[in-house]
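data-v5.cif, holding mmCIF, C-alpha atoms:
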```cif
data_query
#
loop_
_atom_site.label_atom_id
_atom_site.label_comp_id
_atom_site.auth_asym_id
_atom_site.auth_seq_id
_atom_site.Cartn_x
_atom_site.Cartn_y
_atom_site.Cartn_z
CA MET A 25 89.78 125.03 100.15
CA THR A 26 92.96 122.98 100.01
CA VAL A 27 93.23 119.83 102.09
CA SER A 28 96.64 119.91 103.75
CA ASN A 29 98.79 116.89 104.54
CA GLU A 30 98.42 117.78 108.20
CA LEU A 31 94.64 117.50 107.95
CA LEU A 32 94.92 114.14 106.20
CA VAL A 33 97.20 112.86 108.97
CA LYS A 34 94.69 114.11 111.55
CA PHE A 35 91.95 112.07 109.82
CA ILE A 36 94.13 108.96 109.99
CA GLU A 37 95.18 109.49 113.60
CA ASN A 38 91.58 109.94 114.84
CA PRO A 39 89.73 106.82 113.66
CA ASN A 40 86.92 107.30 116.19
CA GLU A 41 86.02 110.66 114.62
CA ASN A 42 86.27 109.51 111.00
CA GLY A 43 84.82 106.50 109.24
CA PRO A 44 86.99 103.86 107.55
CA THR A 45 86.28 105.31 104.10
CA ILE A 46 87.63 108.73 105.09
CA ILE A 47 90.73 107.13 106.60
CA GLU A 48 91.43 105.06 103.47
CA MET A 49 90.91 108.09 101.22
CA ALA A 50 93.32 110.12 103.36
CA LYS A 51 95.96 107.36 103.17
CA GLU A 52 95.57 107.04 99.41
CA LEU A 53 95.81 110.78 98.83
CA LEU A 54 98.97 111.02 100.98
CA ALA A 55 100.52 108.13 99.00
CA HIS A 56 99.72 109.84 95.68
CA ARG A 57 101.12 113.17 96.87
CA LYS A 58 104.34 111.47 98.01
CA ALA A 59 104.72 109.53 94.75
CA PHE A 60 104.20 112.57 92.54
CA SER A 61 106.22 115.05 94.60
CA GLU A 62 109.62 114.23 93.03
CA PRO A 63 110.51 112.58 89.73
CA VAL A 64 112.55 109.37 90.08
CA ALA A 65 114.09 109.53 86.60
CA PHE A 66 114.05 111.40 83.31
CA THR A 67 114.02 110.37 79.67
CA ALA A 68 114.02 112.10 76.31
CA LYS A 69 110.71 112.52 74.52
CA SER A 70 112.16 110.61 71.58
CA ASN A 71 112.47 107.55 73.84
CA LEU A 72 108.72 107.67 74.45
CA ASP A 73 107.80 108.12 70.80
CA GLY A 74 108.92 104.58 69.98
CA PHE A 75 107.77 103.06 73.25
CA GLY A 76 106.56 99.52 72.95
CA GLY A 77 109.28 97.82 70.98
CA SER A 78 112.41 99.87 71.43
CA VAL A 79 114.77 100.61 74.29
CA GLY A 80 114.05 103.70 76.37
CA TYR A 81 116.97 105.18 78.25
CA MET A 82 116.53 106.88 81.62
CA TRP A 83 118.79 108.95 83.87
CA PRO A 84 118.53 110.11 87.48
CA PRO A 85 117.41 113.56 88.62
CA GLY A 86 120.19 116.11 88.43
CA ASN A 87 121.20 115.19 84.89
CA GLU A 88 118.03 116.33 83.14
CA LYS A 89 117.64 118.98 80.46
CA PRO A 90 114.65 121.31 80.21
CA THR A 91 113.27 119.25 77.29
CA ASP A 92 113.41 115.90 79.14
CA VAL A 93 110.29 114.12 80.38
CA ALA A 94 109.99 113.50 84.12
CA LEU A 95 109.06 109.98 85.25
CA TYR A 96 107.33 109.32 88.56
CA ARG A 97 106.90 106.18 90.64
CA LYS A 98 103.62 104.40 91.11
CA PRO A 99 102.09 105.24 94.50
CA ASN A 100 102.61 102.60 97.18
CA LEU A 101 99.20 102.33 98.80
CA THR A 102 100.41 99.91 101.49
CA GLU A 103 102.59 102.49 103.30
#
```
When written as structure tokens, how does the structure in this file appear?
Amino acid sequence: MTVSNELLVKFIENPNENGPTIIEMAKELLAHRKAFSEPVAFTAKSNLDGFGGSVGYMWPPGNEKPTDVALYRKPNLTE
């Protein structure tokens, strides 16, 4: 069974039928799904190999190559 976004929204919109833990889990899952649905930037794998002390270049979606690494934003759990 797959839990749809619509079902998660229904959990959130009906607090009397669902406990606070279910509501918070639904909010968190929706935030994660939103954050990981689209990359916000790309970089070359070689930029990650030296990560920690070197400069890593990034570019916006639309300019990526098939070998580039997608970068995603951290979920905003306050939305």
- If the PyMOL selection byres ((chain A and resi 84) around 8) is run on the structure shown, which residues does it catch, given as a list of chain:residue names? A:Val64, A:Ala65, A:Phe66, A:Met82, A:Trp83, A:Pro85, A:Gly86, A:Asn87, A:Glu88
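Closest approach to Ala55 in chain A from the set A:Leu32, A:Val93, A:Ser70, A:Met25 is made by A:Leu32, with distances taken over only C-alpha atoms.
Between CA of Leu53 in chain A and CA of Pro99 in chain A the interatomic distance comes to 9.4 Å.
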What are the centre and the three edge lengths of an axis-aligned box that wraps all atoms of range 42-55 of chain A in the file, given that 8 Å is added to every side, written as JSON and rounded to one decimal in Å?
```
{"center_x": 92.7, "center_y": 107.4, "center_z": 104.9, "size_x": 31.7, "size_y": 23.2, "size_z": 28.2}
```
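When CA of Glu37 in chain A is paired with CA of Lys98 in chain A, their separation reads 24.6 Å.
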Convert the output of the PyMOL selection byres ((chain A and resi 62) around 10) on the shown file into explicit residues, formatted as a PDB file with C-alpha atoms, keeping the file's coordinate frame.
```pdb
ATOM      1  CA  ARG A  57     101.120 113.170  96.870  1.00  0.00           C
ATOM      2  CA  LYS A  58     104.340 111.470  98.010  1.00  0.00           C
ATOM      3  CA  ALA A  59     104.720 109.530  94.750  1.00  0.00           C
ATOM      4  CA  PHE A  60     104.200 112.570  92.540  1.00  0.00           C
ATOM      5  CA  SER A  61     106.220 115.050  94.600  1.00  0.00           C
ATOM      6  CA  PRO A  63     110.510 112.580  89.730  1.00  0.00           C
ATOM      7  CA  VAL A  64     112.550 109.370  90.080  1.00  0.00           C
ATOM      8  CA  ALA A  65     114.090 109.530  86.600  1.00  0.00           C
ATOM      9  CA  PRO A  85     117.410 113.560  88.620  1.00  0.00           C
ATOM     10  CA  ALA A  94     109.990 113.500  84.120  1.00  0.00           C
ATOM     11  CA  LEU A  95     109.060 109.980  85.250  1.00  0.00           C
ATOM     12  CA  TYR A  96     107.330 109.320  88.560  1.00  0.00           C
ATOM     13  CA  ARG A  97     106.900 106.180  90.640  1.00  0.00           C
TER      14      ARG A  97
END
```
- Selected residue of minimal separation from Leu31 in chain A among A:Lys51, A:Lys69, A:Gly43, A:His56, counting only C-alpha atoms: A:Lys51
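Proximity ranking of A:Leu101, A:Leu72, A:Lys34, A:Asp92 relative to Ile47 in chain A places A:Lys34 first, based on all atoms listed in the file.
In this model, the gap between CA of Val33 in chain A and CA of Ile46 in chain A comes to 11.1 Å.
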- Task: In the coordinate frame of the file, compute which residues have an atom within 8 Å of (111.8, 105.8, 78.9) when using only C-alpha atoms, and state them as a ChimeraX atom specification.
- Result: /A:66-68,71-72,75,79-82
